[in-house]
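Input: a single structure, listed below in structure tokens.
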Amino acid sequence: MSDLITLRQSYLDRISTAADADALEQVRLGALGKKGEISGMMKELGRMTPEERQTRGADLNRLKDEIDSALRARKQGMEDAALDARLKEEWLDVTLPGRPRGQGTIHPVSQVTEEVTAIFADMGFRVAEGPQIESDWFNFDALNIPPEHPARQEHDTFFMARAEDDPRPPHVLRTHTSPVQIRAMQATGAPIRVIAPGRVYRMDMDQTHSPMFHQVEGLALGKDISMANLKWTLEEFCRAFFEVDNVELRFRASHFPFTEPSAEVDIRCSWEGGKLTIGQGNSWLEILGSGMVHPKVLAAAGVDPNEWQGFAFGMGIDRIAMLKYGIPDLRAFFESDLRWLRHYGFAAGDVPSVAGGLSR
């Protein structure tokens, strides 16, 4: 028994003086490890008489538990001391407000696209989509654009490369979303009401033009659709988009290969003090092109021009966004300047709706 008392005191002294967690672990292994001193004594119990085993085993178990408890207490004390030291060095005021996190905004082009979609959806138009790389036929021939038209020249259009021995006409980056109308008519026939928003590409670059910009075109076919229906549709759109009750449009005769008759559309406005005001004043501002779909375009799309007729229109999404929200330079749309985006962007919750209001 005396040997266990001495052993106990030896290990308790070593535990209390252990300098760190590694030293404490070495004490544990020396006492309670598989090859430890107390573990070795436990193995010797098998060679004792039952009476000796009962007494010696109880004493060894008490010693083992006491040393184990001392080890745990010492380890917890070390961890508490380390935590106290860390808290003294790393002070944090949990009552301070959290750091603000920047929120992204919806780009004006995306917002205006949703506004336009909401307005025309209220009139029964669905959205149609098509590829941005188009065949020469869809982009030009099906739209009654003759070979000598300026749009078919390399100074106006981005043409895709072809192998030298490939006789096929090259594909192009679409110059308008009109090919989507052809595809929509081929897919569903008439009657039809669709709008086609999307990116288009032309070789142009200045304050009001960009090599890539956004356009939305509309198409409506029926038995008795006329220019009067076109005029009403555009007036209702402008009234809803610019959010003014007094809208006056002026239709000027023009020429587009894919419409006959064709018309440029101006809207009455004023520029007093350098500020654009829609619906009043003595000035006119061109906003879009339109007309009745040419019979050759209908025939190319597989629609009988003797049975169906309709109107089409097209406008630049970037341009009407600039007019509505007072954005002076088109190039800023594509520069990814975060300051500009924070100023002109829209909150994620500003979902346009005709009933709830487009601008909030």
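A note on labels: chains of the structure tokens are A, B, ... as shown, every chain counts residues from 1, and ligands are counted from 1 in their shown order.
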Mind checking which residues fall within 10 Å of range 31-33 of chain A, counting only C-alpha atoms, ignoring those fewer than 3 positions away in the same chain, and posting them as a short mmCIF file (atom, residue, chain, number, x, y, z; two decimals) with all heavy atoms, in the first residue's frame?
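Saved file result14.cif follows:
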data_model
loop_
_atom_site.label_atom_id
_atom_site.label_comp_id
_atom_site.auth_asym_id
_atom_site.auth_seq_id
_atom_site.Cartn_x
_atom_site.Cartn_y
_atom_site.Cartn_z
N LEU A 7 3.68 6.41 -5.19
CA LEU A 7 3.43 6.57 -6.63
C LEU A 7 2.40 7.65 -6.90
O LEU A 7 2.53 8.46 -7.82
CB LEU A 7 2.99 5.22 -7.21
CG LEU A 7 2.86 5.14 -8.73
CD1 LEU A 7 4.22 5.36 -9.39
CD2 LEU A 7 2.28 3.79 -9.13
N ARG A 8 1.34 7.66 -6.08
CA ARG A 8 0.28 8.66 -6.24
C ARG A 8 0.84 10.06 -6.11
O ARG A 8 0.57 10.94 -6.93
CB ARG A 8 -0.80 8.41 -5.17
CG ARG A 8 -1.83 9.54 -5.02
CD ARG A 8 -2.77 9.23 -3.86
NE ARG A 8 -3.66 10.34 -3.63
CZ ARG A 8 -3.33 11.41 -2.91
NH1 ARG A 8 -2.10 11.50 -2.37
NH2 ARG A 8 -4.20 12.39 -2.73
N TYR A 11 2.99 11.15 -9.13
CA TYR A 11 2.25 11.55 -10.33
C TYR A 11 1.48 12.84 -10.12
O TYR A 11 1.37 13.67 -11.04
CB TYR A 11 1.33 10.43 -10.79
CG TYR A 11 2.04 9.39 -11.63
CD1 TYR A 11 2.28 8.11 -11.15
CD2 TYR A 11 2.50 9.72 -12.89
CE1 TYR A 11 2.94 7.17 -11.91
CE2 TYR A 11 3.18 8.77 -13.66
CZ TYR A 11 3.39 7.51 -13.17
OH TYR A 11 4.08 6.60 -13.94
N GLU A 25 0.50 15.26 -21.46
CA GLU A 25 0.22 14.04 -22.20
C GLU A 25 1.29 12.98 -21.91
O GLU A 25 0.99 11.78 -21.81
CB GLU A 25 0.15 14.34 -23.70
CG GLU A 25 -0.09 13.14 -24.59
CD GLU A 25 -1.44 12.48 -24.39
OE1 GLU A 25 -2.30 13.06 -23.68
OE2 GLU A 25 -1.65 11.38 -24.93
N GLN A 26 2.51 13.42 -21.76
CA GLN A 26 3.57 12.46 -21.43
C GLN A 26 3.35 11.85 -20.05
O GLN A 26 3.60 10.65 -19.83
CB GLN A 26 4.94 13.17 -21.48
CG GLN A 26 5.37 13.58 -22.88
CD GLN A 26 5.44 12.40 -23.84
OE1 GLN A 26 5.97 11.33 -23.48
NE2 GLN A 26 4.91 12.58 -25.05
N VAL A 27 2.85 12.63 -19.09
CA VAL A 27 2.53 12.10 -17.75
C VAL A 27 1.41 11.08 -17.85
O VAL A 27 1.45 10.01 -17.22
CB VAL A 27 2.14 13.25 -16.80
CG1 VAL A 27 1.70 12.69 -15.44
CG2 VAL A 27 3.31 14.20 -16.60
N ARG A 28 0.40 11.37 -18.64
CA ARG A 28 -0.72 10.44 -18.80
C ARG A 28 -0.25 9.12 -19.39
O ARG A 28 -0.64 8.04 -18.93
CB ARG A 28 -1.80 11.06 -19.69
CG ARG A 28 -3.07 10.23 -19.78
CD ARG A 28 -4.00 10.73 -20.87
NE ARG A 28 -3.44 10.44 -22.19
CZ ARG A 28 -3.54 9.26 -22.80
NH1 ARG A 28 -4.14 8.23 -22.18
NH2 ARG A 28 -3.02 9.08 -23.99
N GLY A 36 2.04 2.04 -19.57
CA GLY A 36 2.24 2.88 -18.40
C GLY A 36 2.46 2.07 -17.13
O GLY A 36 2.18 0.87 -17.06
N GLU A 37 2.94 2.78 -16.10
CA GLU A 37 3.30 2.12 -14.84
C GLU A 37 2.09 1.51 -14.15
O GLU A 37 2.12 0.35 -13.70
CB GLU A 37 4.00 3.12 -13.93
CG GLU A 37 4.67 2.51 -12.72
CD GLU A 37 5.52 3.50 -11.97
OE1 GLU A 37 5.58 4.68 -12.38
OE2 GLU A 37 6.14 3.09 -10.96
N ILE A 38 1.00 2.24 -14.04
CA ILE A 38 -0.19 1.72 -13.35
C ILE A 38 -0.84 0.63 -14.20
O ILE A 38 -1.33 -0.38 -13.65
CB ILE A 38 -1.18 2.87 -13.07
CG1 ILE A 38 -0.54 3.88 -12.12
CG2 ILE A 38 -2.48 2.34 -12.50
CD1 ILE A 38 -1.38 5.10 -11.85
N SER A 39 -0.83 0.77 -15.51
CA SER A 39 -1.37 -0.28 -16.37
C SER A 39 -0.59 -1.58 -16.19
O SER A 39 -1.16 -2.68 -16.19
CB SER A 39 -1.31 0.16 -17.84
OG SER A 39 -2.08 1.33 -18.04
N GLY A 40 0.73 -1.46 -16.01
CA GLY A 40 1.53 -2.66 -15.77
C GLY A 40 1.19 -3.33 -14.46
O GLY A 40 1.17 -4.57 -14.36
N LYS A 64 -5.91 4.89 -10.10
CA LYS A 64 -6.12 5.20 -11.52
C LYS A 64 -7.15 6.31 -11.70
O LYS A 64 -6.94 7.26 -12.46
CB LYS A 64 -6.56 3.93 -12.24
CG LYS A 64 -6.81 4.10 -13.73
CD LYS A 64 -7.25 2.79 -14.36
CE LYS A 64 -7.57 2.96 -15.84
NZ LYS A 64 -8.05 1.71 -16.45
N ASP A 65 -8.28 6.21 -10.97
CA ASP A 65 -9.33 7.23 -11.08
C ASP A 65 -8.85 8.59 -10.59
O ASP A 65 -9.17 9.63 -11.17
CB ASP A 65 -10.56 6.80 -10.28
CG ASP A 65 -11.26 5.59 -10.91
OD1 ASP A 65 -11.00 5.31 -12.10
OD2 ASP A 65 -12.04 4.92 -10.19
N ILE A 67 -5.72 9.76 -10.47
CA ILE A 67 -4.77 10.36 -11.41
C ILE A 67 -5.49 10.84 -12.67
O ILE A 67 -5.20 11.92 -13.21
CB ILE A 67 -3.67 9.34 -11.76
CG1 ILE A 67 -2.80 9.09 -10.53
CG2 ILE A 67 -2.82 9.83 -12.92
CD1 ILE A 67 -1.73 8.06 -10.73
N ASP A 68 -6.46 10.07 -13.13
CA ASP A 68 -7.22 10.48 -14.32
C ASP A 68 -7.97 11.78 -14.04
O ASP A 68 -7.99 12.69 -14.88
CB ASP A 68 -8.20 9.37 -14.70
CG ASP A 68 -8.97 9.70 -15.98
OD1 ASP A 68 -8.32 9.84 -17.03
OD2 ASP A 68 -10.21 9.85 -15.92
#
Find the nearest atom pair between each residue of range 264-351 of chain A and range 92-102 of chain A for residues within 12 Å, count only C-alpha atoms, give distances in Å to one decimal, sort rows by chain and ascending number, and present the table as CSV.
residue,atom,partner,partner_atom,distance
A:Leu338,CA,A:Gly102,CA,11.0
A:Arg342,CA,A:Gly102,CA,10.0
A:Ala347,CA,A:Gly102,CA,11.9
File dump, residues just selected, N, CA and C atoms, as a PDB file, in the first residue's frame:
ATOM      1  N   LEU A 338     -19.152  50.521 -61.074  1.00  0.00           N
ATOM      2  CA  LEU A 338     -20.035  50.262 -59.937  1.00  0.00           C
ATOM      3  C   LEU A 338     -20.707  51.538 -59.442  1.00  0.00           C
ATOM      4  N   ARG A 342     -24.695  51.793 -59.115  1.00  0.00           N
ATOM      5  CA  ARG A 342     -25.385  52.124 -57.868  1.00  0.00           C
ATOM      6  C   ARG A 342     -26.327  53.304 -58.065  1.00  0.00           C
ATOM      7  N   ALA A 347     -33.334  48.335 -57.195  1.00  0.00           N
ATOM      8  CA  ALA A 347     -33.323  47.321 -56.140  1.00  0.00           C
ATOM      9  C   ALA A 347     -33.942  46.028 -56.665  1.00  0.00           C
TER      10      ALA A 347
END
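Between CA of Tyr201 in chain A and CA of Glu235 in chain A there is a distance of 27.8 Å.
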message = Give me, as a PyMOL selection string, the residues of range 188-315 of chain A that a backbone DSSP run labels alpha helix (DSSP H).
response = chain A and resi 188+227-241+295-300
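Atom to atom, CA of Ala142 in chain A and CA of Ala220 in chain A stand 17.2 Å apart.
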task = Between A:Ser210, A:Thr188, A:Gln9, A:Ser16, single out the one closest to Gly77 in chain A, counting only C-alpha atoms.
result = A:Ser16
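Within 7 Å of Asn144 in chain A, once only C-alpha atoms are used and residues closer than 4 positions along the same chain are dropped, the contacting residues are Phe140, Pro257, Phe258, Lys296 and Val297 of chain A.
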request  = Can you pull out every residue within 9 Å of Ile278 in chain A, counting only C-alpha atoms, but drop anything in the same chain fewer than 3 positions away, and send it as JSON, numbers by chain?
outcome  = {"A": [242, 244, 246, 247, 267, 268, 269, 270, 281, 324]}
How would the residues just chosen look if you wrote them out with all heavy atoms as a tab-separated table (two decimals), in the first residue's frame?
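Listed below is the output, out_8.tsv:
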chain	number	residue	atom	x	y	z
A	242	PHE	N	-43.71	55.52	-70.27
A	242	PHE	CA	-43.26	56.82	-69.77
A	242	PHE	C	-44.12	57.32	-68.62
A	242	PHE	O	-43.83	58.37	-68.04
A	242	PHE	CB	-43.24	57.84	-70.90
A	242	PHE	CG	-42.18	57.55	-71.94
A	242	PHE	CD1	-42.53	57.07	-73.20
A	242	PHE	CD2	-40.84	57.75	-71.65
A	242	PHE	CE1	-41.56	56.81	-74.15
A	242	PHE	CE2	-39.86	57.48	-72.60
A	242	PHE	CZ	-40.22	57.00	-73.85
A	244	VAL	N	-47.16	58.64	-68.38
A	244	VAL	CA	-47.86	59.92	-68.57
A	244	VAL	C	-49.17	59.63	-69.29
A	244	VAL	O	-49.26	58.72	-70.11
A	244	VAL	CB	-47.01	60.92	-69.39
A	244	VAL	CG1	-45.76	61.32	-68.63
A	244	VAL	CG2	-46.64	60.34	-70.75
A	246	ASN	N	-50.93	61.96	-71.11
A	246	ASN	CA	-51.04	62.69	-72.36
A	246	ASN	C	-49.90	62.30	-73.29
A	246	ASN	O	-48.77	62.78	-73.16
A	246	ASN	CB	-51.01	64.21	-72.09
A	246	ASN	CG	-51.20	65.01	-73.37
A	246	ASN	OD1	-51.87	64.55	-74.29
A	246	ASN	ND2	-50.61	66.19	-73.41
A	247	VAL	N	-50.15	61.40	-74.21
A	247	VAL	CA	-49.14	60.93	-75.17
A	247	VAL	C	-49.63	61.25	-76.57
A	247	VAL	O	-50.77	60.96	-76.94
A	247	VAL	CB	-48.90	59.42	-75.03
A	247	VAL	CG1	-48.06	58.91	-76.19
A	247	VAL	CG2	-48.21	59.11	-73.72
A	267	ILE	N	-42.45	61.10	-80.79
A	267	ILE	CA	-43.30	61.40	-79.65
A	267	ILE	C	-43.13	62.86	-79.27
A	267	ILE	O	-42.02	63.41	-79.32
A	267	ILE	CB	-42.96	60.47	-78.45
A	267	ILE	CG1	-44.01	60.60	-77.35
A	267	ILE	CG2	-41.57	60.72	-77.90
A	267	ILE	CD1	-43.90	59.52	-76.28
A	268	ARG	N	-44.24	63.51	-78.91
A	268	ARG	CA	-44.17	64.93	-78.54
A	268	ARG	C	-43.45	65.08	-77.20
A	268	ARG	O	-43.69	64.30	-76.26
A	268	ARG	CB	-45.58	65.52	-78.44
A	268	ARG	CG	-45.58	67.03	-78.11
A	268	ARG	CD	-47.00	67.55	-78.00
A	268	ARG	NE	-47.67	67.59	-79.30
A	268	ARG	CZ	-47.53	68.56	-80.19
A	268	ARG	NH1	-46.70	69.57	-79.95
A	268	ARG	NH2	-48.21	68.52	-81.31
A	269	CYS	N	-42.58	66.08	-77.12
A	269	CYS	CA	-41.82	66.28	-75.89
A	269	CYS	C	-41.35	67.71	-75.80
A	269	CYS	O	-41.54	68.52	-76.72
A	269	CYS	CB	-40.62	65.33	-75.85
A	269	CYS	SG	-39.41	65.65	-77.17
A	270	SER	N	-40.72	68.05	-74.68
A	270	SER	CA	-40.09	69.36	-74.51
A	270	SER	C	-38.72	69.15	-73.90
A	270	SER	O	-38.47	68.16	-73.21
A	270	SER	CB	-40.95	70.26	-73.61
A	270	SER	OG	-40.93	69.79	-72.28
A	281	GLY	N	-45.04	70.13	-74.86
A	281	GLY	CA	-44.03	70.90	-75.57
A	281	GLY	C	-44.24	70.89	-77.06
A	281	GLY	O	-45.21	70.32	-77.59
A	324	LYS	N	-36.07	57.65	-70.59
A	324	LYS	CA	-36.92	57.62	-69.39
A	324	LYS	C	-36.17	57.99	-68.14
A	324	LYS	O	-36.70	58.69	-67.26
A	324	LYS	CB	-37.54	56.22	-69.24
A	324	LYS	CG	-38.47	56.11	-68.03
A	324	LYS	CD	-39.19	54.79	-67.99
A	324	LYS	CE	-40.14	54.72	-66.80
A	324	LYS	NZ	-40.91	53.47	-66.76
Please identify all polymer residues within 10 Å of Leu24 in chain A, counting only C-alpha atoms, omitting same-chain residues fewer than 2 positions from it, and present them as an mmCIF file with N, CA, C and O atoms, in the first residue's frame.
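The resulting file, selection12.cif, is reproduced below:
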data_model
loop_
_atom_site.group_PDB
_atom_site.id
_atom_site.type_symbol
_atom_site.label_atom_id
_atom_site.label_comp_id
_atom_site.auth_asym_id
_atom_site.auth_seq_id
_atom_site.Cartn_x
_atom_site.Cartn_y
_atom_site.Cartn_z
ATOM 1 N N ARG A 14 3.921 15.623 -10.619
ATOM 2 C CA ARG A 14 4.266 15.802 -12.026
ATOM 3 C C ARG A 14 3.124 16.454 -12.808
ATOM 4 O O ARG A 14 3.356 17.279 -13.714
ATOM 5 N N ILE A 15 1.874 16.101 -12.449
ATOM 6 C CA ILE A 15 0.712 16.706 -13.119
ATOM 7 C C ILE A 15 0.634 18.194 -12.804
ATOM 8 O O ILE A 15 0.401 19.037 -13.681
ATOM 9 N N SER A 16 0.832 18.545 -11.539
ATOM 10 C CA SER A 16 0.689 19.944 -11.126
ATOM 11 C C SER A 16 1.795 20.824 -11.693
ATOM 12 O O SER A 16 1.611 22.040 -11.836
ATOM 13 N N THR A 17 2.936 20.239 -12.024
ATOM 14 C CA THR A 17 4.060 21.036 -12.534
ATOM 15 C C THR A 17 4.223 20.934 -14.045
ATOM 16 O O THR A 17 5.166 21.495 -14.598
ATOM 17 N N ALA A 18 3.334 20.212 -14.738
ATOM 18 C CA ALA A 18 3.423 20.097 -16.205
ATOM 19 C C ALA A 18 3.309 21.474 -16.839
ATOM 20 O O ALA A 18 2.408 22.255 -16.525
ATOM 21 N N ALA A 19 4.241 21.782 -17.701
ATOM 22 C CA ALA A 19 4.313 23.139 -18.252
ATOM 23 C C ALA A 19 3.287 23.392 -19.366
ATOM 24 O O ALA A 19 2.824 24.510 -19.543
ATOM 25 N N ASP A 20 2.945 22.350 -20.118
ATOM 26 C CA ASP A 20 2.014 22.551 -21.237
ATOM 27 C C ASP A 20 1.276 21.255 -21.524
ATOM 28 O O ASP A 20 1.465 20.245 -20.834
ATOM 29 N N ALA A 21 0.447 21.283 -22.553
ATOM 30 C CA ALA A 21 -0.381 20.127 -22.884
ATOM 31 C C ALA A 21 0.467 18.934 -23.309
ATOM 32 O O ALA A 21 0.115 17.783 -23.002
ATOM 33 N N ASP A 22 1.598 19.170 -23.998
ATOM 34 C CA ASP A 22 2.458 18.055 -24.408
ATOM 35 C C ASP A 22 3.075 17.361 -23.196
ATOM 36 O O ASP A 22 3.142 16.120 -23.136
ATOM 37 N N GLN A 26 2.510 13.418 -21.765
ATOM 38 C CA GLN A 26 3.571 12.463 -21.431
ATOM 39 C C GLN A 26 3.349 11.850 -20.048
ATOM 40 O O GLN A 26 3.596 10.650 -19.830
ATOM 41 N N VAL A 27 2.845 12.631 -19.094
ATOM 42 C CA VAL A 27 2.531 12.105 -17.753
ATOM 43 C C VAL A 27 1.409 11.082 -17.849
ATOM 44 O O VAL A 27 1.449 10.014 -17.220
ATOM 45 N N ARG A 28 0.404 11.369 -18.640
ATOM 46 C CA ARG A 28 -0.723 10.437 -18.797
ATOM 47 C C ARG A 28 -0.249 9.118 -19.391
ATOM 48 O O ARG A 28 -0.639 8.036 -18.926
ATOM 49 N N LEU A 29 0.547 9.194 -20.437
ATOM 50 C CA LEU A 29 1.037 7.971 -21.060
ATOM 51 C C LEU A 29 1.912 7.170 -20.091
ATOM 52 O O LEU A 29 1.858 5.929 -20.058
ATOM 53 N N GLY A 30 2.740 7.848 -19.268
ATOM 54 C CA GLY A 30 3.595 7.153 -18.313
ATOM 55 C C GLY A 30 2.835 6.446 -17.227
ATOM 56 O O GLY A 30 3.308 5.428 -16.679
ATOM 57 N N LEU A 71 -5.516 14.634 -14.052
ATOM 58 C CA LEU A 71 -5.118 14.974 -15.417
ATOM 59 C C LEU A 71 -6.187 15.833 -16.106
ATOM 60 O O LEU A 71 -5.868 16.827 -16.775
ATOM 61 N N ARG A 72 -7.442 15.436 -15.985
ATOM 62 C CA ARG A 72 -8.543 16.183 -16.617
ATOM 63 C C ARG A 72 -8.640 17.597 -16.054
ATOM 64 O O ARG A 72 -8.841 18.569 -16.779
ATOM 65 N N ARG A 74 -6.261 19.348 -14.595
ATOM 66 C CA ARG A 74 -5.117 20.146 -15.019
ATOM 67 C C ARG A 74 -5.263 20.585 -16.485
ATOM 68 O O ARG A 74 -4.956 21.730 -16.834
ATOM 69 N N LYS A 75 -5.757 19.696 -17.361
ATOM 70 C CA LYS A 75 -5.962 20.035 -18.773
ATOM 71 C C LYS A 75 -6.994 21.142 -18.920
ATOM 72 O O LYS A 75 -6.815 22.091 -19.694
ATOM 73 N N MET A 78 -5.472 24.422 -17.919
ATOM 74 C CA MET A 78 -4.627 24.977 -18.986
ATOM 75 C C MET A 78 -5.462 25.642 -20.078
ATOM 76 O O MET A 78 -5.130 26.720 -20.575
#
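Picture a line from CA of Gln186 in chain A to CA of Pro305 in chain A; it runs 13.7 Å.
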request  = Tell me, as an MDAnalysis selection string, which residues lie within 12 Å of range 161-173 of chain A, counting only C-alpha atoms; anything in the same chain fewer than 4 positions away does not count.
outcome  = chainID A and resid 130:141 147 151:154 156:157 177 179 199:203 211:213
Take the residues from that selection and put them in a file with C-alpha atoms, as an mmCIF file, in the first residue's frame.
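Wrote it out as part_13.cif, contents follow:
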data_model
loop_
_atom_site.group_PDB
_atom_site.id
_atom_site.type_symbol
_atom_site.label_atom_id
_atom_site.label_comp_id
_atom_site.auth_asym_id
_atom_site.auth_seq_id
_atom_site.Cartn_x
_atom_site.Cartn_y
_atom_site.Cartn_z
ATOM 1 C CA GLY A 130 -33.782 33.162 -81.054
ATOM 2 C CA PRO A 131 -30.032 32.701 -81.616
ATOM 3 C CA GLN A 132 -27.653 35.668 -81.681
ATOM 4 C CA ILE A 133 -25.632 34.077 -84.504
ATOM 5 C CA GLU A 134 -27.969 33.893 -87.465
ATOM 6 C CA SER A 135 -27.855 32.575 -91.004
ATOM 7 C CA ASP A 136 -27.769 35.017 -93.864
ATOM 8 C CA TRP A 137 -31.234 33.845 -94.866
ATOM 9 C CA PHE A 138 -32.958 34.532 -91.521
ATOM 10 C CA ASN A 139 -31.186 37.860 -90.975
ATOM 11 C CA PHE A 140 -31.601 39.257 -94.508
ATOM 12 C CA ASP A 141 -33.322 37.199 -97.207
ATOM 13 C CA PRO A 147 -28.265 41.859 -101.716
ATOM 14 C CA ALA A 151 -26.761 46.384 -94.025
ATOM 15 C CA ARG A 152 -25.336 43.454 -95.997
ATOM 16 C CA GLN A 153 -21.956 45.143 -96.390
ATOM 17 C CA GLU A 154 -18.981 44.447 -94.122
ATOM 18 C CA ASP A 156 -22.259 47.614 -91.263
ATOM 19 C CA THR A 157 -22.468 43.961 -90.165
ATOM 20 C CA THR A 177 -34.232 40.707 -83.559
ATOM 21 C CA PRO A 179 -35.170 36.918 -87.395
ATOM 22 C CA ARG A 199 -28.891 41.702 -78.008
ATOM 23 C CA VAL A 200 -28.082 42.827 -81.531
ATOM 24 C CA TYR A 201 -24.805 43.816 -83.213
ATOM 25 C CA ARG A 202 -23.814 46.529 -85.678
ATOM 26 C CA MET A 203 -20.555 48.273 -86.535
ATOM 27 C CA PRO A 211 -21.411 47.745 -81.505
ATOM 28 C CA MET A 212 -23.656 45.679 -79.236
ATOM 29 C CA PHE A 213 -26.971 47.017 -77.992
#
ask   = Which neighbours of Ile320 in chain A fall inside 12 Å, counting only C-alpha atoms, when residues of the same chain fewer than 2 positions from it are skipped, and could you give them as an NGL selection string?
value = :A and (108-109 or 111-113 or 115-116 or 208 or 213-216 or 237-238 or 241-242 or 267 or 278 or 285-288 or 314-318 or 322-328 or 330)
